[in-house]
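Containing mmCIF, C-alpha atoms and all ligand atoms: coords_20.cif.
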```
data_final
loop_
_atom_site.label_atom_id
_atom_site.label_comp_id
_atom_site.auth_asym_id
_atom_site.auth_seq_id
_atom_site.Cartn_x
_atom_site.Cartn_y
_atom_site.Cartn_z
CA MET A 1 49.10 -12.74 -7.11
CA PRO A 2 48.85 -9.82 -4.59
CA ARG A 3 45.83 -9.80 -2.29
CA PRO A 4 43.42 -6.91 -2.98
CA THR A 5 43.65 -4.10 -0.44
CA ALA A 6 40.75 -3.37 1.91
CA HIS A 7 40.12 -0.21 -0.11
CA ALA A 8 39.89 -2.19 -3.39
CA VAL A 9 37.47 -4.66 -1.81
CA ARG A 10 35.33 -1.80 -0.51
CA SER A 11 35.25 -0.14 -3.89
CA MET A 12 34.24 -3.41 -5.60
CA VAL A 13 31.38 -3.84 -3.16
CA GLN A 14 30.50 -0.19 -3.58
CA THR A 15 30.43 -0.51 -7.38
CA HIS A 16 28.10 -3.47 -7.17
CA THR A 17 25.82 -1.74 -4.66
CA ASP A 18 25.74 1.45 -6.70
CA ASN A 19 24.39 -0.47 -9.65
CA SER A 20 21.48 -2.10 -7.84
CA ILE A 21 17.98 -1.05 -8.81
CA GLY A 22 17.52 0.31 -5.29
CA ASP A 23 20.43 2.68 -5.78
CA ILE A 24 19.32 3.69 -9.26
CA LEU A 25 15.86 4.62 -7.97
CA ALA A 26 17.33 6.48 -5.00
CA LYS A 27 19.76 8.38 -7.24
CA ARG A 28 16.91 9.46 -9.50
CA HIS A 29 14.63 10.29 -6.52
CA LEU A 30 12.04 7.87 -7.82
CA ASP A 31 11.58 6.09 -4.47
CA ALA A 32 11.05 9.23 -2.36
CA ASP A 33 10.78 13.01 -2.60
CA ARG A 34 8.62 12.84 -5.69
CA ASP A 35 7.74 16.52 -5.79
CA ARG A 36 10.59 17.24 -8.18
CA TRP A 37 9.12 14.72 -10.65
CA ARG A 38 5.68 16.31 -10.36
CA GLN A 39 7.25 19.59 -11.36
CA ARG A 40 9.18 18.04 -14.26
CA LEU A 41 6.01 16.40 -15.52
CA ARG A 42 4.20 19.73 -15.42
CA ASP A 43 7.07 21.39 -17.33
CA VAL A 44 6.74 19.08 -20.37
CA THR A 45 5.15 20.88 -23.33
CA THR A 46 3.17 19.50 -26.27
CA ARG A 47 6.15 20.43 -28.45
CA ASP A 48 8.42 18.20 -26.31
CA VAL A 49 6.00 15.30 -26.78
CA GLU A 50 5.82 15.87 -30.55
CA ALA A 51 9.62 15.90 -30.70
CA VAL A 52 9.68 12.48 -28.99
CA LEU A 53 6.99 11.13 -31.31
CA ALA A 54 9.03 12.26 -34.33
CA THR A 55 11.84 9.86 -33.30
CA ARG A 56 11.90 6.13 -34.00
CA PRO A 57 9.66 4.36 -31.42
CA GLY A 58 10.67 1.37 -29.33
CA SER A 59 13.73 2.33 -27.30
CA TYR A 60 13.94 3.57 -23.73
CA ARG A 61 15.22 6.80 -22.27
CA LEU A 62 13.92 8.19 -19.00
CA ASP A 63 13.35 11.67 -20.45
CA LYS A 64 11.39 10.14 -23.35
CA LEU A 65 9.15 8.16 -20.99
CA LEU A 66 8.73 11.34 -18.93
CA ALA A 67 7.40 13.17 -22.00
CA LEU A 68 5.05 10.33 -22.93
CA VAL A 69 3.45 10.03 -19.47
CA SER A 70 3.19 13.80 -18.93
CA PRO A 71 -0.16 15.62 -18.83
CA ALA A 72 0.92 17.36 -22.09
CA ALA A 73 0.99 13.99 -23.90
CA GLU A 74 -2.76 13.56 -23.32
CA ALA A 75 -3.24 15.75 -26.41
CA CYS A 76 -1.18 13.24 -28.48
CA LEU A 77 -2.87 9.97 -27.49
CA GLU A 78 -4.10 9.22 -30.99
CA GLU A 79 -0.63 9.44 -32.50
CA MET A 80 0.79 7.41 -29.59
CA ALA A 81 -1.88 4.75 -30.20
CA ARG A 82 -1.08 4.65 -33.93
CA GLN A 83 2.65 4.18 -33.30
CA SER A 84 2.09 1.64 -30.52
CA GLN A 85 -0.22 -0.45 -32.70
CA THR A 86 2.23 -0.44 -35.62
CA LEU A 87 5.18 -1.34 -33.39
CA THR A 88 3.26 -4.13 -31.64
CA ARG A 89 2.19 -5.67 -34.97
CA GLN A 90 5.80 -5.48 -36.23
CA ARG A 91 7.16 -7.26 -33.16
CA PHE A 92 4.35 -9.65 -32.24
CA GLY A 93 2.31 -10.06 -35.42
CA ARG A 94 -1.47 -10.13 -35.09
CA THR A 95 -1.41 -12.51 -32.15
CA ILE A 96 -2.57 -12.23 -28.54
CA LYS A 97 -1.75 -14.95 -26.03
CA LEU A 98 -4.55 -16.18 -23.78
CA TYR A 99 -3.97 -17.42 -20.23
CA ALA A 100 -6.02 -18.35 -17.19
CA PRO A 101 -5.15 -17.83 -13.51
CA LEU A 102 -5.52 -20.71 -11.07
CA TYR A 103 -5.87 -19.50 -7.46
CA LEU A 104 -4.40 -21.98 -4.99
CA SER A 105 -4.90 -20.41 -1.57
CA SER A 106 -6.57 -17.47 0.15
CA PHE A 107 -4.71 -17.90 3.47
CA CYS A 108 -2.24 -15.06 3.99
CA VAL A 109 0.18 -13.83 6.66
CA ASN A 110 0.43 -10.28 5.29
CA ARG A 111 -1.57 -7.17 6.11
CA CYS A 112 -1.67 -5.37 2.75
CA ARG A 113 -4.32 -2.70 3.18
CA TYR A 114 -5.62 -2.96 -0.38
CA CYS A 115 -6.25 -6.71 -0.50
CA GLY A 116 -9.26 -8.84 0.40
CA PHE A 117 -6.98 -11.73 1.45
CA ASN A 118 -5.16 -9.73 4.16
CA VAL A 119 -4.72 -11.65 7.41
CA GLU A 120 -7.03 -9.39 9.42
CA ASN A 121 -9.99 -9.94 7.13
CA ARG A 122 -12.51 -12.42 8.47
CA PHE A 123 -13.95 -14.79 5.88
CA GLU A 124 -13.86 -18.47 5.12
CA ARG A 125 -10.46 -19.18 3.61
CA THR A 126 -9.64 -21.99 1.22
CA ARG A 127 -6.57 -23.76 -0.05
CA LEU A 128 -6.40 -26.46 -2.68
CA THR A 129 -4.75 -29.84 -2.31
CA ILE A 130 -2.68 -30.86 -5.31
CA ASP A 131 -5.53 -33.04 -6.55
CA GLU A 132 -8.05 -30.20 -6.20
CA ALA A 133 -5.68 -27.87 -8.07
CA LEU A 134 -5.32 -30.47 -10.82
CA ALA A 135 -9.11 -30.72 -11.07
CA ASP A 136 -9.36 -26.93 -11.59
CA ALA A 137 -6.46 -27.05 -14.05
CA GLU A 138 -8.25 -29.75 -16.03
CA ARG A 139 -11.29 -27.45 -16.38
CA ILE A 140 -8.98 -24.71 -17.62
CA ALA A 141 -7.29 -27.05 -20.10
CA ARG A 142 -10.68 -28.15 -21.41
CA GLU A 143 -11.48 -24.53 -22.27
CA GLY A 144 -8.46 -24.67 -24.60
CA PHE A 145 -5.81 -22.90 -22.49
CA ARG A 146 -2.20 -24.15 -22.56
CA ASP A 147 -0.85 -21.17 -20.64
CA ILE A 148 -1.65 -21.23 -16.91
CA LEU A 149 -0.77 -18.81 -14.10
CA LEU A 150 -0.61 -20.28 -10.58
CA VAL A 151 -1.65 -17.60 -8.08
CA SER A 152 -1.42 -17.69 -4.32
CA SER A 153 -1.40 -15.44 -1.30
CA GLU A 154 1.50 -15.75 1.17
CA ASP A 155 0.69 -19.18 2.55
CA ARG A 156 4.20 -20.58 3.00
CA THR A 157 3.21 -23.43 5.30
CA PHE A 158 0.94 -24.99 2.67
CA ILE A 159 1.92 -23.59 -0.75
CA THR A 160 5.57 -24.57 -0.35
CA SER A 161 8.16 -24.94 -3.08
CA ASP A 162 7.67 -28.73 -2.76
CA TYR A 163 3.95 -28.29 -3.41
CA LEU A 164 4.58 -26.03 -6.42
CA ALA A 165 7.28 -28.28 -7.86
CA GLU A 166 5.01 -31.31 -7.62
CA LEU A 167 2.05 -29.43 -9.11
CA ALA A 168 4.19 -28.09 -11.97
CA ALA A 169 5.58 -31.55 -12.70
CA ARG A 170 2.01 -32.85 -13.03
CA LEU A 171 0.80 -29.89 -15.11
CA ARG A 172 3.66 -30.05 -17.60
CA GLU A 173 1.99 -32.66 -19.76
CA ARG A 174 -1.11 -30.54 -20.16
CA PHE A 175 0.29 -26.97 -20.33
CA SER A 176 3.01 -25.51 -22.52
CA PHE A 177 3.63 -22.53 -20.23
CA ILE A 178 3.35 -22.36 -16.43
CA GLY A 179 3.82 -19.04 -14.64
CA ILE A 180 3.46 -18.08 -10.99
CA GLU A 181 2.18 -15.00 -9.22
CA ILE A 182 2.92 -15.87 -5.65
CA TYR A 183 4.75 -14.60 -2.56
CA GLN A 184 8.40 -13.64 -3.01
CA MET A 185 10.85 -16.53 -2.90
CA SER A 186 14.63 -16.90 -2.69
CA ALA A 187 16.82 -17.37 -5.79
CA GLY A 188 17.30 -21.02 -4.76
CA GLU A 189 13.53 -21.62 -4.59
CA TYR A 190 13.02 -19.93 -7.96
CA ARG A 191 15.70 -22.17 -9.48
CA ARG A 192 14.02 -25.26 -8.08
CA LEU A 193 10.69 -24.18 -9.59
CA PHE A 194 12.32 -23.39 -12.92
CA GLU A 195 13.77 -26.89 -12.98
CA ALA A 196 10.28 -28.26 -12.22
CA GLY A 197 8.86 -26.53 -15.31
CA ILE A 198 7.79 -23.07 -14.15
CA GLU A 199 9.03 -20.55 -16.72
CA GLY A 200 7.77 -17.18 -15.53
CA VAL A 201 7.24 -15.17 -12.35
CA THR A 202 5.28 -11.98 -11.84
CA LEU A 203 6.02 -10.04 -8.67
CA TYR A 204 4.43 -6.64 -8.23
CA GLN A 205 6.40 -4.00 -6.38
CA GLU A 206 2.90 -2.58 -5.61
CA THR A 207 4.41 0.91 -5.32
CA TYR A 208 7.94 2.26 -5.80
CA ASP A 209 7.22 5.05 -3.32
CA ARG A 210 8.91 3.96 -0.06
CA GLN A 211 6.66 5.95 2.21
CA GLU A 212 3.48 4.72 0.58
CA TYR A 213 4.86 1.18 0.52
CA ALA A 214 5.36 1.32 4.30
CA ARG A 215 1.87 2.72 4.80
CA GLN A 216 0.22 0.02 2.69
CA HIS A 217 2.20 -2.85 4.27
CA PRO A 218 1.95 -2.39 8.04
CA GLY A 219 3.06 -5.94 8.81
CA GLY A 220 4.13 -9.33 7.51
CA PRO A 221 7.15 -10.43 5.47
CA LYS A 222 6.04 -8.33 2.50
CA ALA A 223 6.65 -5.12 4.47
CA ASP A 224 10.37 -5.05 3.48
CA TYR A 225 10.56 -2.65 0.49
CA ASP A 226 14.22 -3.35 -0.34
CA LEU A 227 13.82 -7.10 -0.19
CA ARG A 228 10.81 -6.86 -2.52
CA LEU A 229 12.80 -4.78 -4.99
CA ARG A 230 15.43 -7.50 -5.29
CA GLY A 231 12.91 -10.21 -6.29
CA PRO A 232 13.25 -9.83 -10.08
CA ASP A 233 17.07 -10.13 -9.84
CA ASP A 234 16.64 -13.44 -8.02
CA MET A 235 14.21 -14.70 -10.66
CA ALA A 236 16.52 -13.75 -13.52
CA GLN A 237 19.50 -15.35 -11.80
CA ALA A 238 17.43 -18.51 -11.39
CA GLY A 239 16.92 -18.62 -15.17
CA MET A 240 13.25 -17.60 -15.38
CA ARG A 241 12.34 -16.75 -18.98
CA GLU A 242 9.52 -14.32 -18.17
CA ILE A 243 9.77 -11.65 -15.50
CA GLY A 244 6.57 -9.73 -14.87
CA LEU A 245 6.71 -6.26 -13.34
CA GLY A 246 3.93 -3.99 -12.21
CA VAL A 247 2.53 -1.67 -9.59
CA LEU A 248 -0.90 -1.75 -8.06
CA LEU A 249 -2.49 1.17 -9.87
CA GLY A 250 -4.24 3.43 -7.42
CA LEU A 251 -1.69 3.49 -4.59
CA ALA A 252 0.49 6.37 -5.86
CA ASP A 253 0.78 8.82 -8.77
CA TRP A 254 0.73 6.57 -11.85
CA ARG A 255 2.91 8.90 -13.91
CA ILE A 256 5.83 8.68 -11.47
CA GLU A 257 5.25 4.96 -10.88
CA THR A 258 5.60 4.44 -14.64
CA LEU A 259 8.97 6.21 -14.60
CA ALA A 260 10.17 3.89 -11.81
CA LEU A 261 8.84 0.88 -13.72
CA GLY A 262 10.72 2.02 -16.83
CA GLU A 263 13.97 2.31 -14.86
CA HIS A 264 13.42 -1.13 -13.32
CA ALA A 265 12.71 -2.77 -16.68
CA SER A 266 15.67 -1.08 -18.34
CA TYR A 267 17.96 -2.21 -15.51
CA LEU A 268 16.78 -5.85 -15.85
CA ILE A 269 17.03 -5.87 -19.65
CA ARG A 270 20.62 -4.56 -19.50
CA ARG A 271 21.66 -7.15 -16.92
CA TYR A 272 19.75 -10.29 -17.79
CA TRP A 273 19.44 -10.56 -21.54
CA ARG A 274 18.10 -14.13 -21.36
CA SER A 275 14.92 -13.08 -19.55
CA HIS A 276 11.98 -11.38 -21.19
CA VAL A 277 10.32 -8.53 -19.29
CA SER A 278 6.59 -7.88 -19.28
CA PHE A 279 4.37 -5.27 -17.65
CA SER A 280 1.01 -5.89 -16.01
CA PHE A 281 -1.52 -3.20 -15.17
CA PRO A 282 -3.57 -4.24 -12.14
CA ARG A 283 -5.93 -1.43 -11.20
CA LEU A 284 -7.36 -1.50 -7.70
CA ARG A 285 -10.67 -3.33 -7.75
CA PRO A 286 -13.40 -3.60 -5.12
CA ALA A 287 -12.52 -6.37 -2.68
CA CYS A 288 -13.92 -7.79 0.53
CA GLY A 289 -13.11 -5.41 3.44
CA VAL A 290 -11.23 -2.83 1.33
CA PRO A 291 -12.73 0.69 1.34
CA ARG A 292 -12.13 2.33 -2.04
CA ASP A 293 -12.26 5.87 -0.67
CA GLU A 294 -8.83 5.25 0.89
CA PHE A 295 -7.17 5.42 -2.51
CA PRO A 296 -6.87 8.91 -4.00
CA HIS A 297 -4.72 7.85 -6.97
CA LEU A 298 -7.19 5.71 -8.93
CA LEU A 299 -6.63 5.94 -12.69
CA THR A 300 -9.15 6.82 -15.36
CA ASP A 301 -9.40 4.60 -18.45
CA ARG A 302 -7.63 7.31 -20.41
CA ASN A 303 -4.73 7.37 -17.93
CA LEU A 304 -4.33 3.61 -18.21
CA VAL A 305 -4.28 3.75 -22.01
CA GLN A 306 -1.61 6.46 -21.88
CA MET A 307 0.51 4.37 -19.51
CA MET A 308 0.34 1.30 -21.76
CA LEU A 309 1.14 3.25 -24.90
CA ALA A 310 4.05 5.09 -23.25
CA LEU A 311 5.62 1.81 -22.11
CA ARG A 312 5.17 0.22 -25.52
CA LEU A 313 6.83 3.18 -27.26
CA CYS A 314 9.83 2.78 -24.93
CA PHE A 315 10.00 -1.05 -24.79
CA ALA A 316 9.29 -2.52 -28.21
CA ASP A 317 9.69 -6.15 -27.12
CA ALA A 318 8.05 -6.08 -23.70
CA GLY A 319 4.94 -8.13 -23.05
CA LEU A 320 1.90 -6.05 -22.03
CA VAL A 321 -0.57 -8.04 -19.95
CA LEU A 322 -4.20 -7.12 -19.41
CA SER A 323 -6.35 -9.06 -16.96
CA THR A 324 -10.06 -9.52 -16.38
CA ARG A 325 -9.87 -6.84 -13.68
CA GLU A 326 -10.70 -4.57 -16.61
CA ALA A 327 -14.22 -4.25 -18.00
CA ALA A 328 -15.14 -5.83 -21.32
CA PRO A 329 -15.69 -2.53 -23.23
CA PHE A 330 -12.31 -1.22 -22.10
CA ARG A 331 -10.52 -4.43 -23.09
CA ASP A 332 -12.26 -4.38 -26.48
CA HIS A 333 -11.09 -0.81 -27.00
CA VAL A 334 -7.40 -1.31 -26.18
CA VAL A 335 -6.71 -4.88 -27.17
CA ALA A 336 -5.40 -3.98 -30.63
CA LEU A 337 -3.19 -1.10 -29.43
CA GLY A 338 -0.39 -2.86 -27.54
CA PRO A 339 -1.33 -5.78 -25.24
CA THR A 340 0.28 -9.12 -26.03
CA ARG A 341 -1.32 -11.37 -23.42
CA ILE A 342 -4.75 -11.32 -21.80
CA SER A 343 -6.60 -13.53 -19.34
CA ALA A 344 -10.11 -14.82 -19.89
CA GLY A 345 -12.81 -16.62 -17.93
CA SER A 346 -10.93 -15.97 -14.67
CA ARG A 347 -12.02 -17.07 -11.19
CA THR A 348 -10.19 -15.45 -8.27
CA ASN A 349 -11.39 -17.84 -5.56
CA PRO A 350 -9.39 -21.06 -5.02
CA GLY A 351 -11.38 -23.94 -6.46
CA GLY A 352 -13.61 -21.52 -8.38
CA TYR A 353 -13.40 -23.39 -11.70
CA SER A 354 -14.79 -26.60 -10.22
CA GLN A 355 -17.18 -25.01 -7.68
CA ALA A 356 -18.24 -21.46 -8.56
CA ASP A 357 -19.37 -20.53 -5.03
CA ARG A 358 -16.34 -21.89 -3.17
CA GLY A 359 -14.68 -19.25 -0.92
CA GLU A 360 -14.06 -15.55 -1.35
CA GLY A 361 -12.22 -14.11 -4.37
CA GLN A 362 -9.18 -11.81 -4.07
CA PHE A 363 -11.02 -9.09 -5.98
CA GLU A 364 -14.06 -8.75 -8.22
CA VAL A 365 -13.54 -9.86 -11.82
CA SER A 366 -14.88 -7.27 -14.24
CA ASP A 367 -14.81 -8.94 -17.67
CA ARG A 368 -16.94 -12.02 -17.04
CA ARG A 369 -17.09 -13.31 -20.62
CA SER A 370 -16.19 -16.91 -21.34
CA PRO A 371 -12.81 -17.72 -22.96
CA ARG A 372 -14.63 -18.47 -26.23
CA GLU A 373 -16.39 -15.08 -26.19
CA VAL A 374 -13.04 -13.34 -25.58
CA ALA A 375 -11.44 -15.30 -28.44
CA ASP A 376 -14.32 -14.26 -30.72
CA MET A 377 -13.83 -10.62 -29.71
CA LEU A 378 -10.12 -10.87 -30.67
CA ALA A 379 -11.05 -12.35 -34.03
CA ARG A 380 -13.46 -9.46 -34.66
CA HIS A 381 -10.46 -7.12 -34.20
CA GLY A 382 -8.49 -9.10 -36.78
CA LEU A 383 -6.32 -10.65 -34.04
CA GLU A 384 -5.44 -14.28 -33.63
CA PRO A 385 -5.93 -15.78 -30.14
CA VAL A 386 -2.96 -17.98 -29.25
CA TRP A 387 -3.77 -20.68 -26.71
CA LYS A 388 -0.37 -22.31 -26.87
CA ASP A 389 2.80 -20.28 -27.16
CA TRP A 390 5.62 -22.73 -27.79
CA ASP A 391 6.26 -26.38 -27.69
CA ARG A 392 7.41 -28.01 -24.48
CA ALA A 393 9.79 -30.27 -26.45
CA PHE A 394 11.65 -27.20 -27.69
CA LEU A 395 12.01 -25.85 -24.16
CA ASP A 396 13.18 -29.15 -22.76
CA THR A 397 16.04 -29.34 -25.27
CA ASN A 398 17.09 -25.84 -24.18
CA ARG A 399 17.04 -26.44 -20.43
CA PRO A 400 20.36 -26.24 -18.56
S1 LIG B 1 -1.67 -8.73 -1.69
FE1 LIG B 1 -0.91 -10.80 -1.53
S2 LIG B 1 0.41 -10.77 0.25
FE2 LIG B 1 -0.88 -8.95 0.40
S3 LIG B 1 -2.64 -9.60 1.67
FE3 LIG B 1 -3.16 -9.91 -0.51
S4 LIG B 1 -2.68 -12.02 -0.94
FE4 LIG B 1 -1.62 -11.44 0.96
#
```
Output the file's structure in the form of structure tokens.
Ligand code: SF4
Amino acid sequence: MPRPTAHAVRSMVQTHTDNSIGDILAKRHLDADRDRWRQRLRDVTTRDVEAVLATRPGSYRLDKLLALVSPAAEACLEEMARQSQTLTRQRFGRTIKLYAPLYLSSFCVNRCRYCGFNVENRFERTRLTIDEALADAERIAREGFRDILLVSSEDRTFITSDYLAELAARLRERFSFIGIEIYQMSAGEYRRLFEAGIEGVTLYQETYDRQEYARQHPGGPKADYDLRLRGPDDMAQAGMREIGLGVLLGLADWRIETLALGEHASYLIRRYWRSHVSFSFPRLRPACGVPRDEFPHLLTDRNLVQMMLALRLCFADAGLVLSTREAAPFRDHVVALGPTRISAGSRTNPGGYSQADRGEGQFEVSDRRSPREVADMLARHGLEPVWKDWDRAFLDTNRP
């Protein structure tokens, strides 16, 4: 068989590179030079939005998402909500999954300007031994949860993949789903964690705007925009079933961030059909040492609703996740319109379930209701709270 020429090798590499999410965003000018998108958003008319809403909901096109997140679509929110609710009920039934986050460490090597855990912030930091984490997890299990999210800052010397694998192995008996929201890992580390029983990873890009990303991340391993962007590929290649995407809402123009999110999700869905994509909507919250007046792009409640509805109308099967960062009245208002998974009774300080006053939290929780109160609220909306998603025995027979 003839050896490929240097030109053929170059073009193969080129083809692969051209298809990366980084190249797609650059080609569409969604990572920089966003003025052209601001203009396109302003050019959308109510008639354009109505034309989109007259088509069958649930599939993605960038121009469709553009119409749905435009200022013109604000006049069509009721119709968007009606279609989103119908589509969500068709795909997910009347169920909402409940989960609880378990914070493992508040030590961090990064300098993210929006976060209370950033390395320059002076406060008493905490990290949990495996036994302490298990004690918190037991409290969570006793509330009824079988879906747990392990959360940590970038504390690689303590929260290692060995630590996480051991913790997951010990949680597997008690929890039917274990997810992580932790610093970015390599594909090899993700595979190891998948084999230990961790099924999902959420990794926020924080912002798809390169310039803003650099400004918000002045130091630490997280400062590499391109490396961050590759994280979801590594998770999917490691076999993770759930891949969570999101931006930190408040850092950049939410309308353009949503377009970039749509492109990223569409890219992952086309490439990795075995993994399920979900969107989270973390809005900037007050946190220790973080001045809020530094963030000119904070969203109104109405903006956030529009963003959720627009994504649902483009991604019929995507999970939409809403955390306790949001206030109770807001969660009550939107819970029936599109979300599929919500947290309840959250503590954002490591050890907070066993000792309420232990250490500083990453941000202030807004909805402080107990898990039972949240479940009752769902029932009042005619929704069924799901504490356990699937059976571990089923997953084990489907493991590689
Ligand atoms: S956002 Fe994460 S990585 Fe950045 S400072 Fe906070 S905990 Fe550390």
How close does chain A get to ligand LIG 1 (chain B)? List, as a Markdown table, each residue of chain A within 6 Å, its nearest atom pair and the distance in Å to one decimal, counting all atoms listed in the file.
```
| residue | atom | partner | partner_atom | distance |
| --- | --- | --- | --- | --- |
| A:Cys108 | CA | B:LIG1 | FE4 | 4.8 |
| A:Asn110 | CA | B:LIG1 | S3 | 4.8 |
| A:Arg111 | CA | B:LIG1 | S3 | 5.2 |
| A:Cys112 | CA | B:LIG1 | FE2 | 4.4 |
| A:Cys115 | CA | B:LIG1 | FE3 | 4.4 |
| A:Phe117 | CA | B:LIG1 | FE3 | 4.7 |
| A:Asn118 | CA | B:LIG1 | S3 | 3.5 |
| A:Ser153 | CA | B:LIG1 | S4 | 3.7 |
| A:Glu154 | CA | B:LIG1 | S2 | 5.2 |
```
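Across A:Met307, A:Ala141, A:Cys288, A:Ala32, the tightest approach to Ser176 (chain A) is made by A:Ala141 when counting all atoms listed in the file.
Of the listed residues (A:Gly351, A:Gly179, A:Gly22, A:Pro329), A:Gly22 comes nearest to Leu227 (chain A); the distances count only C-alpha atoms.
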Please provide the set of residues having any atom within 7 Å of region 65-71 of chain A, restricted to all atoms listed in the file, with same-chain residues fewer than 3 positions apart removed, written as an MDAnalysis selection string.
-> chainID A and resid 41:42 44 48:49 61:62 74 255 259 306:307 310 314
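Each of A:Thr95, A:Thr258, A:Thr129, A:Ser84 was compared to Gly382 (chain A) using all atoms listed in the file, and A:Thr95 turns out to be the nearest.
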Using all atoms listed in the file, collect all residues at a distance of at most 7 Å from (-3.8, -15.5, -10.3) as written in the file, then present them as a PyMOL selection string.
-> chain A and resi 101-103+149-152+181+348
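The space separating CA of Glu195 (chain A) from CA of Glu166 (chain A) comes to 11.2 Å.
Nearest to Met240 (chain A) of all the residues A:Leu261, A:Ile198, A:Val335, A:Leu268 is A:Ile198, counting only C-alpha atoms.
Here CA of Phe158 (chain A) stands at a distance of 12.9 Å from CA of Ala133 (chain A).
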